[in-house]
file structure.txt (compact mmCIF, C-alpha atoms and all ligand atoms)
# COMPACT_ATOMS: atom_id res chain seq x y z
CA MET U 1 21.07 -8.24 6.10
CA ARG U 2 19.82 -8.51 2.54
CA LYS U 3 16.10 -8.26 1.92
CA GLU U 4 15.56 -12.04 1.84
CA THR U 5 17.22 -12.42 5.24
CA LYS U 6 15.29 -9.43 6.61
CA CYS U 7 12.05 -11.21 5.68
CA LEU U 8 13.01 -13.93 8.16
CA HIS U 9 14.96 -12.11 10.84
CA ALA U 10 14.23 -8.36 10.96
CA GLY U 11 11.93 -6.98 13.62
CA TYR U 12 12.07 -9.82 16.10
CA GLU U 13 15.32 -11.15 17.49
CA PRO U 14 14.64 -13.37 20.51
CA GLY U 15 17.22 -13.43 23.25
CA ASN U 16 18.50 -16.47 25.10
CA GLY U 17 15.64 -18.69 26.24
CA GLU U 18 12.98 -16.58 24.54
CA PRO U 19 10.41 -17.99 22.11
CA ARG U 20 11.65 -18.60 18.56
CA GLN U 21 8.30 -17.50 17.13
CA LEU U 22 6.97 -14.00 17.81
CA PRO U 23 4.57 -14.19 20.79
CA ILE U 24 1.07 -12.80 20.36
CA TYR U 25 0.65 -10.24 23.12
CA GLN U 26 -3.10 -10.70 23.37
CA SER U 27 -3.48 -8.07 26.06
CA THR U 28 -5.18 -4.72 25.96
CA THR U 29 -3.20 -3.35 28.83
CA TRP U 30 0.08 -3.39 30.81
CA LYS U 31 0.65 -3.33 34.52
CA TYR U 32 2.87 -0.79 36.33
CA ALA U 33 4.02 -0.64 39.91
CA THR U 34 3.77 3.11 40.37
CA SER U 35 1.47 5.78 39.13
CA ASP U 36 4.50 7.88 38.18
CA GLU U 37 5.84 5.29 35.75
CA MET U 38 2.49 5.15 34.01
CA GLY U 39 2.33 8.95 33.92
CA MET U 40 5.68 9.19 32.16
CA LEU U 41 4.42 6.87 29.45
CA PHE U 42 1.36 9.06 28.95
CA ASP U 43 3.62 12.11 28.68
CA LEU U 44 5.75 10.34 26.06
CA GLU U 45 8.66 10.93 28.45
CA LYS U 46 9.45 7.23 28.51
CA SER U 47 8.74 4.61 25.90
CA GLY U 48 6.81 1.56 26.93
CA TYR U 49 3.50 -0.19 26.55
CA PHE U 50 0.33 0.70 28.33
CA TYR U 51 -2.62 0.23 26.01
CA THR U 52 -2.85 -1.73 22.76
CA ARG U 53 -4.73 1.00 20.88
CA LEU U 54 -1.44 2.91 20.98
CA GLN U 55 1.21 0.21 20.87
CA ASN U 56 1.59 -3.53 21.25
CA PRO U 57 4.86 -5.52 21.14
CA THR U 58 3.56 -8.00 18.54
CA ASN U 59 2.50 -5.17 16.24
CA ASP U 60 5.74 -3.30 16.84
CA ALA U 61 7.86 -6.29 15.82
CA VAL U 62 5.94 -6.65 12.57
CA ALA U 63 6.07 -2.91 11.88
CA ALA U 64 9.83 -3.05 12.50
CA LYS U 65 10.21 -5.82 9.93
CA ILE U 66 8.28 -3.86 7.30
CA THR U 67 10.26 -0.73 8.17
CA ALA U 68 13.53 -2.65 7.73
CA LEU U 69 12.37 -4.06 4.40
CA GLU U 70 11.45 -0.60 3.11
CA GLY U 71 14.62 0.98 4.51
CA GLY U 72 12.72 3.49 6.65
CA VAL U 73 13.34 4.92 10.12
CA ALA U 74 9.95 4.24 11.73
CA GLY U 75 6.74 2.42 10.94
CA MET U 76 3.37 1.46 12.33
CA LEU U 77 0.61 -1.01 11.61
CA THR U 78 -2.99 -0.01 11.02
CA SER U 79 -6.18 -2.04 10.89
CA SER U 80 -6.38 -1.84 7.08
CA GLY U 81 -4.77 -0.35 4.01
CA GLN U 82 -7.53 2.24 3.95
CA ALA U 83 -6.61 3.33 7.48
CA ALA U 84 -2.93 3.46 6.48
CA ASN U 85 -3.58 5.81 3.57
CA PHE U 86 -5.97 7.95 5.58
CA PHE U 87 -3.55 8.25 8.52
CA ALA U 88 -0.57 8.89 6.26
CA LEU U 89 -2.36 11.87 4.72
CA PHE U 90 -4.39 13.11 7.68
CA ASN U 91 -1.22 13.21 9.78
CA ILE U 92 -0.07 16.20 7.68
CA CYS U 93 -3.36 17.58 6.29
CA GLU U 94 -6.27 19.38 7.88
CA ALA U 95 -9.35 21.32 6.73
CA GLY U 96 -8.11 23.73 4.09
CA SER U 97 -5.32 21.46 2.84
CA HIS U 98 -5.00 20.16 -0.70
CA ILE U 99 -3.57 16.91 -2.07
CA VAL U 100 -2.34 16.04 -5.57
CA ALA U 101 -3.02 12.38 -6.36
CA SER U 102 -2.72 10.12 -9.35
CA SER U 103 -6.17 9.38 -10.80
CA SER U 104 -5.20 5.73 -11.40
CA ILE U 105 -5.15 4.73 -7.72
CA TYR U 106 -7.17 1.97 -6.05
CA GLY U 107 -10.94 2.64 -6.05
CA GLY U 108 -11.17 2.73 -2.26
CA THR U 109 -8.44 5.35 -2.02
CA TYR U 110 -10.02 7.31 -4.85
CA ASN U 111 -13.24 7.50 -2.81
CA LEU U 112 -11.36 8.31 0.39
CA LEU U 113 -9.63 11.28 -1.27
CA GLY U 114 -12.38 12.39 -3.61
CA VAL U 115 -15.39 12.03 -1.31
CA THR U 116 -14.73 11.38 2.37
CA MET U 117 -11.69 13.59 2.93
CA LYS U 118 -13.37 16.26 0.85
CA LYS U 119 -16.16 16.31 3.45
CA MET U 120 -13.46 17.03 6.02
CA GLY U 121 -12.39 20.06 4.02
CA ILE U 122 -9.36 18.44 2.41
CA ASP U 123 -9.40 18.93 -1.33
CA CYS U 124 -7.79 16.68 -3.91
CA THR U 125 -6.77 17.21 -7.51
CA PHE U 126 -6.51 13.95 -9.43
CA VAL U 127 -3.91 13.94 -12.19
CA ASP U 128 -2.99 11.70 -15.10
CA GLN U 129 0.28 10.30 -13.77
CA ASN U 130 1.76 10.06 -17.26
CA LEU U 131 1.65 13.80 -17.91
CA SER U 132 4.89 15.76 -18.17
CA GLU U 133 6.35 17.49 -15.14
CA GLU U 134 5.29 20.89 -16.51
CA GLU U 135 1.69 19.74 -16.92
CA LEU U 136 1.62 18.09 -13.50
CA ALA U 137 3.02 21.22 -11.83
CA LYS U 138 -0.23 23.02 -12.74
CA ALA U 139 -2.13 20.85 -10.24
CA PHE U 140 -0.25 22.33 -7.27
CA LYS U 141 -1.75 25.08 -5.11
CA PRO U 142 -0.36 27.17 -2.26
CA ASN U 143 -2.23 24.87 0.17
CA THR U 144 -0.95 21.60 -1.34
CA ARG U 145 0.42 19.42 1.47
CA ALA U 146 1.12 16.03 -0.11
CA VAL U 147 1.46 14.12 -3.36
CA PHE U 148 0.08 10.60 -3.56
CA GLY U 149 0.49 7.68 -5.98
CA GLU U 150 0.84 3.89 -6.16
CA THR U 151 4.04 2.15 -7.31
CA ILE U 152 1.90 -0.17 -9.42
CA THR U 153 -1.70 0.97 -9.65
CA ASN U 154 -4.63 -1.22 -8.70
CA PRO U 155 -6.27 -2.40 -10.99
CA THR U 156 -4.70 -0.89 -14.11
CA VAL U 157 -1.12 -2.01 -13.29
CA SER U 158 0.41 1.28 -14.43
CA VAL U 159 3.90 1.97 -13.10
CA LEU U 160 4.45 5.29 -11.33
CA ASP U 161 7.50 7.34 -12.33
CA ILE U 162 8.50 7.75 -8.69
CA GLU U 163 11.50 10.00 -9.38
CA LYS U 164 9.37 12.38 -11.45
CA PHE U 165 6.74 12.57 -8.71
CA ALA U 166 9.38 12.99 -5.97
CA ARG U 167 10.98 15.89 -7.89
CA LEU U 168 7.59 17.52 -8.36
CA ALA U 169 6.61 17.10 -4.72
CA HIS U 170 9.94 18.36 -3.41
CA SER U 171 10.09 21.35 -5.74
CA HIS U 172 6.75 22.36 -4.19
CA GLY U 173 7.99 21.71 -0.64
CA VAL U 174 5.72 18.74 0.09
CA PRO U 175 6.35 15.00 0.64
CA LEU U 176 5.59 12.19 -1.78
CA ILE U 177 3.53 9.36 -0.29
CA VAL U 178 3.63 6.11 -2.24
CA ASP U 179 1.30 3.16 -1.73
CA ASN U 180 3.69 0.26 -2.37
CA THR U 181 1.13 -2.53 -1.90
CA PHE U 182 1.50 -4.30 -5.26
CA ALA U 183 5.26 -4.08 -5.67
CA THR U 184 6.13 -4.80 -2.03
CA PRO U 185 9.63 -3.85 -0.83
CA ILE U 186 10.86 -7.06 -2.46
CA ASN U 187 10.38 -5.60 -5.92
CA CYS U 188 10.63 -1.85 -5.25
CA ARG U 189 11.72 0.34 -2.39
CA PRO U 190 10.24 3.78 -3.19
CA PHE U 191 12.54 5.54 -0.67
CA GLU U 192 15.48 4.74 -2.95
CA TRP U 193 13.78 6.84 -5.63
CA GLY U 194 12.89 9.82 -3.47
CA ALA U 195 9.53 8.92 -1.93
CA ASP U 196 9.19 10.18 1.67
CA ILE U 197 6.48 7.96 3.12
CA VAL U 198 5.31 4.52 2.04
CA THR U 199 1.98 2.89 2.80
CA HIS U 200 0.75 -0.68 2.43
CA SER U 201 -2.38 -2.68 2.40
CA THR U 202 -0.72 -5.63 4.14
CA THR U 203 -3.91 -7.52 3.29
CA LYS U 204 -2.36 -8.27 -0.09
CA TYR U 205 1.06 -9.86 -0.79
CA MET U 206 2.52 -9.20 2.65
CA ASP U 207 -0.12 -11.37 4.29
CA GLY U 208 -0.35 -13.31 1.06
CA HIS U 209 -2.89 -15.91 2.13
CA ALA U 210 -6.11 -13.89 2.45
CA VAL U 211 -6.02 -14.25 6.23
CA GLY U 212 -6.15 -10.77 7.73
CA VAL U 213 -6.98 -7.23 6.65
CA GLY U 214 -4.23 -4.82 7.66
CA GLY U 215 -2.13 -1.84 6.74
CA ALA U 216 1.23 -0.23 7.41
CA ILE U 217 2.88 3.18 7.19
CA VAL U 218 6.65 3.61 6.96
CA ASP U 219 8.50 6.92 7.13
CA SER U 220 11.87 7.41 5.44
CA GLY U 221 12.70 10.18 7.88
CA ASN U 222 13.92 12.24 4.92
CA PHE U 223 11.33 14.98 4.73
CA ASP U 224 12.37 18.08 6.65
CA TRP U 225 9.13 19.20 8.33
CA MET U 226 10.82 22.05 10.19
CA LYS U 227 12.01 23.54 6.89
CA TYR U 228 8.35 23.91 5.86
CA ALA U 229 7.13 24.55 9.40
CA ASP U 230 4.26 26.86 8.38
CA LYS U 231 2.76 24.11 6.20
CA TYR U 232 2.83 21.39 8.85
CA PRO U 233 1.75 23.00 12.13
CA GLY U 234 0.65 19.60 13.44
CA LEU U 235 4.27 18.49 13.48
CA THR U 236 6.03 21.79 14.09
CA THR U 237 3.91 23.60 16.70
CA PRO U 238 2.92 22.45 20.20
CA ASP U 239 0.23 19.76 20.37
CA GLU U 240 -2.08 21.06 23.08
CA SER U 241 -3.69 17.63 23.34
CA TYR U 242 -0.28 16.23 24.28
CA HIS U 243 1.17 18.63 26.83
CA GLY U 244 2.52 20.98 24.17
CA ILE U 245 4.85 18.49 22.50
CA VAL U 246 6.34 19.61 19.16
CA TYR U 247 6.66 16.26 17.40
CA ALA U 248 9.24 17.20 14.75
CA GLU U 249 11.42 18.84 17.40
CA LYS U 250 11.17 16.35 20.24
CA PHE U 251 11.31 13.21 18.11
CA GLY U 252 13.24 14.39 15.04
CA LYS U 253 13.07 11.80 12.29
CA LEU U 254 10.62 9.76 14.37
CA GLY U 255 8.21 12.71 14.71
CA TYR U 256 5.87 11.80 11.88
CA ILE U 257 5.16 8.23 13.08
CA THR U 258 5.11 9.30 16.73
CA LYS U 259 2.41 11.85 15.94
CA ALA U 260 0.40 9.35 13.91
CA THR U 261 0.56 6.92 16.85
CA ALA U 262 0.15 9.29 19.79
CA GLN U 263 -2.52 11.47 18.21
CA LEU U 264 -4.30 9.76 15.30
CA MET U 265 -4.27 6.24 16.72
CA ARG U 266 -5.28 7.63 20.10
CA ASP U 267 -8.24 9.52 18.65
CA LEU U 268 -9.28 7.41 15.67
CA GLY U 269 -8.27 3.97 16.92
CA SER U 270 -7.59 1.91 13.82
CA ILE U 271 -5.12 -0.48 15.39
CA GLN U 272 -4.37 -3.89 13.93
CA SER U 273 -5.16 -6.77 16.27
CA PRO U 274 -2.04 -8.55 17.60
CA GLN U 275 -3.47 -11.81 16.28
CA ASN U 276 -3.62 -10.39 12.75
CA ALA U 277 -0.14 -8.94 13.14
CA PHE U 278 1.08 -12.44 14.00
CA TYR U 279 -0.43 -13.85 10.80
CA LEU U 280 1.17 -10.98 8.90
CA MET U 281 4.56 -11.83 10.42
CA ASN U 282 4.24 -15.36 9.04
CA GLY U 283 3.33 -14.03 5.62
CA LEU U 284 6.30 -11.68 5.56
CA GLU U 285 8.72 -14.53 6.21
CA SER U 286 8.09 -16.01 2.75
CA LEU U 287 7.36 -12.75 0.90
CA HIS U 288 10.57 -12.85 -1.15
CA VAL U 289 9.98 -16.41 -2.34
CA ARG U 290 6.32 -15.80 -3.13
CA MET U 291 6.87 -12.55 -5.03
CA GLN U 292 9.34 -14.25 -7.33
CA ARG U 293 6.89 -17.05 -8.15
CA HIS U 294 3.92 -14.65 -8.50
CA CYS U 295 5.91 -12.72 -11.10
CA GLU U 296 7.09 -15.81 -12.99
CA ASN U 297 3.55 -17.19 -13.18
CA ALA U 298 2.02 -13.85 -14.15
CA LEU U 299 4.50 -13.36 -16.98
CA LYS U 300 3.73 -16.84 -18.37
CA ILE U 301 0.02 -16.13 -18.23
CA ALA U 302 0.38 -12.64 -19.68
CA LYS U 303 2.22 -14.16 -22.67
CA TYR U 304 -0.46 -16.83 -23.05
CA LEU U 305 -3.22 -14.19 -22.99
CA GLU U 306 -1.34 -12.04 -25.48
CA SER U 307 -1.30 -14.92 -27.94
CA ASN U 308 -5.01 -15.75 -27.43
CA ASP U 309 -7.23 -14.43 -30.23
CA LYS U 310 -10.24 -13.98 -27.90
CA VAL U 311 -8.25 -11.44 -25.87
CA ALA U 312 -8.48 -7.80 -26.96
CA TRP U 313 -5.57 -6.47 -24.91
CA VAL U 314 -3.25 -7.35 -22.00
CA ASP U 315 -1.60 -4.93 -19.60
CA TYR U 316 1.31 -6.31 -17.62
CA PRO U 317 4.42 -4.18 -17.09
CA ASP U 318 6.80 -7.14 -17.44
CA LEU U 319 5.70 -7.74 -21.05
CA GLU U 320 8.28 -6.25 -23.38
CA ASN U 321 5.76 -4.31 -25.47
CA ASP U 322 3.76 -3.02 -22.47
CA LYS U 323 3.48 0.75 -22.32
CA TYR U 324 4.98 0.71 -18.82
CA HIS U 325 7.83 -1.68 -19.60
CA ALA U 326 10.52 1.01 -19.60
CA LEU U 327 9.38 2.26 -16.18
CA ALA U 328 9.13 -1.32 -14.94
CA GLU U 329 12.70 -2.03 -16.06
CA LYS U 330 13.85 0.99 -14.06
CA TYR U 331 11.79 0.62 -10.89
CA LEU U 332 10.95 -3.11 -10.90
CA PRO U 333 13.93 -4.88 -12.46
CA ASN U 334 13.17 -8.19 -10.71
CA GLY U 335 9.52 -8.28 -11.77
CA SER U 336 6.48 -6.19 -10.91
CA CYS U 337 3.79 -8.29 -9.23
CA GLY U 338 1.35 -11.10 -9.93
CA VAL U 339 -1.50 -8.88 -11.03
CA LEU U 340 -2.36 -8.24 -14.64
CA ALA U 341 -5.28 -6.69 -16.47
CA PHE U 342 -6.82 -7.77 -19.73
CA GLY U 343 -9.89 -7.27 -21.86
CA ILE U 344 -11.92 -9.87 -23.74
CA LYS U 345 -13.22 -9.25 -27.24
CA GLY U 346 -16.97 -8.68 -27.01
CA GLY U 347 -16.66 -6.44 -23.92
CA ARG U 348 -18.51 -6.53 -20.64
CA ASP U 349 -20.92 -9.42 -21.31
CA LYS U 350 -18.23 -11.75 -22.61
CA ALA U 351 -16.02 -10.81 -19.66
CA ILE U 352 -18.72 -11.91 -17.23
CA GLU U 353 -19.45 -15.13 -19.19
CA PHE U 354 -15.75 -15.94 -19.20
CA MET U 355 -15.35 -15.35 -15.49
CA ASP U 356 -18.36 -17.48 -14.61
CA SER U 357 -16.83 -20.38 -16.61
CA LEU U 358 -13.59 -20.55 -14.66
CA LYS U 359 -13.08 -23.50 -12.31
CA LEU U 360 -9.72 -23.00 -10.64
CA ALA U 361 -9.41 -19.22 -10.63
CA THR U 362 -12.04 -17.85 -8.29
CA ILE U 363 -14.05 -14.66 -8.43
CA ALA U 364 -13.07 -12.79 -5.28
CA THR U 365 -12.89 -9.21 -4.09
CA HIS U 366 -9.30 -9.85 -3.36
CA VAL U 367 -5.96 -9.57 -5.02
CA ALA U 368 -2.39 -10.64 -4.34
CA ASP U 369 -3.38 -13.94 -2.79
CA ALA U 370 -1.54 -17.28 -2.96
CA ARG U 371 -4.56 -18.61 -4.88
CA THR U 372 -5.44 -17.18 -8.27
CA CYS U 373 -8.44 -14.90 -8.19
CA LEU U 374 -10.03 -12.40 -10.49
CA LEU U 375 -12.51 -9.61 -10.56
CA HIS U 376 -14.31 -7.32 -12.95
CA PRO U 377 -13.76 -3.84 -11.46
CA ALA U 378 -16.59 -2.16 -13.38
CA SER U 379 -19.04 -4.62 -11.75
CA HIS U 380 -17.25 -5.00 -8.41
CA THR U 381 -14.65 -2.74 -6.75
CA HIS U 382 -15.33 0.30 -8.91
CA ARG U 383 -19.10 0.00 -9.25
CA GLN U 384 -19.69 3.23 -7.31
CA LEU U 385 -17.80 5.18 -9.95
CA THR U 386 -19.59 6.79 -12.88
CA GLU U 387 -18.59 5.86 -16.46
CA GLU U 388 -16.69 9.14 -16.57
CA GLN U 389 -14.81 8.41 -13.35
CA LEU U 390 -14.07 4.90 -14.61
CA LEU U 391 -12.46 6.31 -17.72
CA GLU U 392 -10.58 8.90 -15.70
CA ALA U 393 -9.22 6.09 -13.53
CA GLY U 394 -8.28 4.23 -16.73
CA VAL U 395 -10.62 1.34 -15.90
CA ALA U 396 -12.08 0.05 -19.17
CA PRO U 397 -15.57 -1.52 -18.84
CA ASP U 398 -14.15 -4.82 -20.16
CA LEU U 399 -11.12 -4.83 -17.82
CA ILE U 400 -10.60 -8.06 -15.89
CA ARG U 401 -8.11 -7.93 -13.05
CA LEU U 402 -6.38 -11.27 -12.78
CA SER U 403 -4.33 -11.90 -9.67
CA VAL U 404 -2.06 -14.80 -10.50
CA GLY U 405 -1.36 -17.08 -7.56
CA LEU U 406 1.25 -19.68 -6.77
CA GLU U 407 -0.36 -22.66 -8.53
CA ASN U 408 1.37 -24.41 -11.40
CA ALA U 409 1.06 -21.96 -14.30
CA ASP U 410 0.07 -24.73 -16.72
CA ASP U 411 -2.95 -25.63 -14.57
CA LEU U 412 -4.00 -22.00 -14.61
CA ILE U 413 -3.57 -21.73 -18.37
CA GLU U 414 -5.67 -24.87 -18.87
CA ASP U 415 -8.39 -23.35 -16.72
CA LEU U 416 -8.33 -20.07 -18.66
CA GLN U 417 -8.38 -22.01 -21.96
CA GLN U 418 -11.45 -24.09 -21.06
CA ALA U 419 -13.29 -20.87 -20.12
CA PHE U 420 -12.27 -19.21 -23.39
CA ASP U 421 -13.53 -22.30 -25.25
CA LYS U 422 -16.99 -21.69 -23.72
CA ILE U 423 -17.39 -18.13 -24.98
C1 LIG D 1 -6.46 -3.11 -1.21
C2 LIG D 1 -5.72 -1.86 -1.38
C3 LIG D 1 -5.90 -0.80 -0.48
C4 LIG D 1 -6.88 -0.88 0.67
O1 LIG D 1 -6.45 -1.82 1.58
P1 LIG D 1 -7.41 -2.60 2.61
O2 LIG D 1 -6.43 -3.42 3.37
O3 LIG D 1 -8.36 -3.40 1.78
O4 LIG D 1 -8.09 -1.57 3.42
C5 LIG D 1 -5.17 0.35 -0.66
N1 LIG D 1 -4.29 0.46 -1.68
C6 LIG D 1 -4.10 -0.54 -2.56
C7 LIG D 1 -3.12 -0.37 -3.67
C8 LIG D 1 -4.80 -1.73 -2.45
O5 LIG D 1 -4.61 -2.72 -3.33
call {"tool": "encode", "arguments": {"input": "structure.txt", "output": "structure tokens"}}
result
Amino acid sequence: MRKETKCLHAGYEPGNGEPRQLPIYQSTTWKYATSDEMGMLFDLEKSGYFYTRLQNPTNDAVAAKITALEGGVAGMLTSSGQAANFFALFNICEAGSHIVASSSIYGGTYNLLGVTMKKMGIDCTFVDQNLSEEELAKAFKPNTRAVFGETITNPTVSVLDIEKFARLAHSHGVPLIVDNTFATPINCRPFEWGADIVTHSTTKYMDGHAVGVGGAIVDSGNFDWMKYADKYPGLTTPDESYHGIVYAEKFGKLGYITKATAQLMRDLGSIQSPQNAFYLMNGLESLHVRMQRHCENALKIAKYLESNDKVAWVDYPDLENDKYHALAEKYLPNGSCGVLAFGIKGGRDKAIEFMDSLKLATIATHVADARTCLLHPASHTHRQLTEEQLLEAGVAPDLIRLSVGLENADDLIEDLQQAFDKI
């Protein structure tokens, strides 16, 4: 199946007489006839459902669709994108570990790595993702356990050189984890460029309609944990909390996701509700059509903004003169996403005046929605960051993040124009 067909058919294939639409298994628990059968499930000796915190058939079908779209071997849903990134990293890190991450990542992930995981004893070095390989190599330490970046960064829409980061990670014997939220597997499949694990905030384009917060983790199965066994004891030595199972041995390529499910989901419990997974399934079915239109609309609007004399600058990788255009042509040949960033002449105050004058585009702490929305990161998502951290993350004080929806682009341009006329 090609990706468009996978959007519709992967993950759930009903048999004869079964429901066409994925059923919502709104049940916490499953019934078994014998105590032995249940025991085998607990021992991971048999696969099957027993409690929704660990697995649920609705969630599994949706995870399977995302896994198929990314070209991975195993995947899981989480309650949010934040949980996905935390689980993806915490599954292979512990107190004393170190992470190398791009400094341009989403504000929430920046806090997760720089503040909360630090309190757990996991250190992070943030790097400028545009540095040369030699410069970036200096960030690695003997205790580095993972490299992290976003295919297209939120909110600065910078494109990650995935091959460069994969080479760096692998030459240091660690996996590359890529948050592929903005590109979606429709526009980029990071595994094809060497990434080992992909994460998503499914809240964004995958859901696409601002219905449910959710996340996903997909494993390529390509990273050889046993080769670096001393670095990843959680996968390569017996798990005493699970009858001495060695995940990478017993489950092979499925070991990473099995551990994240059996251990992290068991203990930390950030499962997506089956109801939300059902909404996500519906979103995924039209992802390929929506992504194409998001990109077409965003390019039209980026060109309009570029030609507007009240606009100081526009960042959108699909623009020919954008600093990330060459990387976008390589990694995102069919378009990047519907999000762009721009600055208004006159800075912060004018930005706020402009935003308050919009009628169609709405101010929302959301992005990648069917409806156009926008936000001023310095006043909203990134307001916890200091000026210095803002600059480090590449977030200019005048930056407006515009998430172009599926409306008629001319209606959007008219709305932007009337707001520009007011400032
Ligand atoms: C929104 C977002 C997240 C966090 O996802 P939630 O679903 O809001 O928890 C992580 N990474 C990126 C790139 C995002 O855009």
call {"tool": "closest_residue", "arguments": {"input": "structure.txt", "among": "U:Thr203, U:Ser27, U:Asn59, U:Asn91", "to": "Leu77 of chain U", "atoms": "all atoms listed in the file"}}
result
U:Asn59
call {"tool": "closest_residue", "arguments": {"input": "structure.txt", "among": "U:Val198, U:Leu299, U:Ala137, U:Met355", "to": "Asn222 of chain U", "atoms": "all atoms listed in the file"}}
result
U:Val198
call {"tool": "closest_residue", "arguments": {"input": "structure.txt", "among": "U:Arg145, U:His288, U:Arg348, U:His98", "to": "Leu8 of chain U", "atoms": "only C-alpha atoms"}}
result
U:His288
call {"tool": "closest_residue", "arguments": {"input": "structure.txt", "among": "U:Phe191, U:Trp313, U:Tyr228, U:Phe420", "to": "Leu69 of chain U", "atoms": "all atoms listed in the file"}}
result
U:Phe191
call {"tool": "atom_distance", "arguments": {"input": "structure.txt", "atom1": "atom CA of Met117 of chain U", "atom2": "atom CA of Leu176 of chain U"}}
result
18.0 Å
call {"tool": "atom_distance", "arguments": {"input": "structure.txt", "atom1": "atom CA of Gly108 of chain U", "atom2": "atom CA of Asn85 of chain U"}}
result
10.1 Å
call {"tool": "closest_residue", "arguments": {"input": "structure.txt", "among": "U:Tyr304, U:Tyr32, U:Phe182, U:Tyr12", "to": "ligand LIG 1 (chain D)", "atoms": "all atoms listed in the file"}}
result
U:Phe182
call {"tool": "residues_near_ligand", "arguments": {"input": "structure.txt", "ligand": "ligand LIG 1 (chain D)", "cutoff": "9 Å", "atoms": "only C-alpha atoms and all ligand atoms", "output": "NGL selection string"}}
result
:U and (79-85 or 105-109 or 150-155 or 179-182 or 199-204 or 212-215 or 366-368)
call {"tool": "write_last_selection", "arguments": {"input": "structure.txt", "atoms": "C-alpha atoms", "output": "mmCIF file, keeping the file's coordinate frame"}}
result
data_model
loop_
_atom_site.group_PDB
_atom_site.id
_atom_site.type_symbol
_atom_site.label_atom_id
_atom_site.label_comp_id
_atom_site.auth_asym_id
_atom_site.auth_seq_id
_atom_site.Cartn_x
_atom_site.Cartn_y
_atom_site.Cartn_z
ATOM 1 C CA SER U 79 -6.180 -2.040 10.890
ATOM 2 C CA SER U 80 -6.380 -1.840 7.080
ATOM 3 C CA GLY U 81 -4.770 -0.350 4.010
ATOM 4 C CA GLN U 82 -7.530 2.240 3.950
ATOM 5 C CA ALA U 83 -6.610 3.330 7.480
ATOM 6 C CA ALA U 84 -2.930 3.460 6.480
ATOM 7 C CA ASN U 85 -3.580 5.810 3.570
ATOM 8 C CA ILE U 105 -5.150 4.730 -7.720
ATOM 9 C CA TYR U 106 -7.170 1.970 -6.050
ATOM 10 C CA GLY U 107 -10.940 2.640 -6.050
ATOM 11 C CA GLY U 108 -11.170 2.730 -2.260
ATOM 12 C CA THR U 109 -8.440 5.350 -2.020
ATOM 13 C CA GLU U 150 0.840 3.890 -6.160
ATOM 14 C CA THR U 151 4.040 2.150 -7.310
ATOM 15 C CA ILE U 152 1.900 -0.170 -9.420
ATOM 16 C CA THR U 153 -1.700 0.970 -9.650
ATOM 17 C CA ASN U 154 -4.630 -1.220 -8.700
ATOM 18 C CA PRO U 155 -6.270 -2.400 -10.990
ATOM 19 C CA ASP U 179 1.300 3.160 -1.730
ATOM 20 C CA ASN U 180 3.690 0.260 -2.370
ATOM 21 C CA THR U 181 1.130 -2.530 -1.900
ATOM 22 C CA PHE U 182 1.500 -4.300 -5.260
ATOM 23 C CA THR U 199 1.980 2.890 2.800
ATOM 24 C CA HIS U 200 0.750 -0.680 2.430
ATOM 25 C CA SER U 201 -2.380 -2.680 2.400
ATOM 26 C CA THR U 202 -0.720 -5.630 4.140
ATOM 27 C CA THR U 203 -3.910 -7.520 3.290
ATOM 28 C CA LYS U 204 -2.360 -8.270 -0.090
ATOM 29 C CA GLY U 212 -6.150 -10.770 7.730
ATOM 30 C CA VAL U 213 -6.980 -7.230 6.650
ATOM 31 C CA GLY U 214 -4.230 -4.820 7.660
ATOM 32 C CA GLY U 215 -2.130 -1.840 6.740
ATOM 33 C CA HIS U 366 -9.300 -9.850 -3.360
ATOM 34 C CA VAL U 367 -5.960 -9.570 -5.020
ATOM 35 C CA ALA U 368 -2.390 -10.640 -4.340
#
call {"tool": "closest_residue", "arguments": {"input": "structure.txt", "among": "U:Val127, U:Ala312, U:Met291, U:Leu406", "to": "Ala393 of chain U", "atoms": "all atoms listed in the file"}}
result
U:Val127
call {"tool": "residues_around", "arguments": {"input": "structure.txt", "residues": "segment 253-267 of chain U", "least_positions_apart": "3", "cutoff": "8 Å", "atoms": "only C-alpha atoms", "output": "ChimeraX atom specification"}}
result
/U:53-55,73-76,87-88,91,218-219,221-222,235,247-250,270-271
call {"tool": "residues_near_point", "arguments": {"input": "structure.txt", "point": "(12.4, 23.7, 9.0)", "cutoff": "12 Å", "atoms": "only C-alpha atoms", "output": "list in words"}}
result
Gly173, Phe223, Asp224, Trp225, Met226, Lys227, Tyr228, Ala229, Asp230, Lys231, Tyr232, Pro233, Leu235, Thr236, Thr237, Ala248, Glu249 and Gly252 of chain U
call {"tool": "atom_distance", "arguments": {"input": "structure.txt", "atom1": "atom CA of Trp30 of chain U", "atom2": "atom CA of Ala10 of chain U"}}
result
24.9 Å
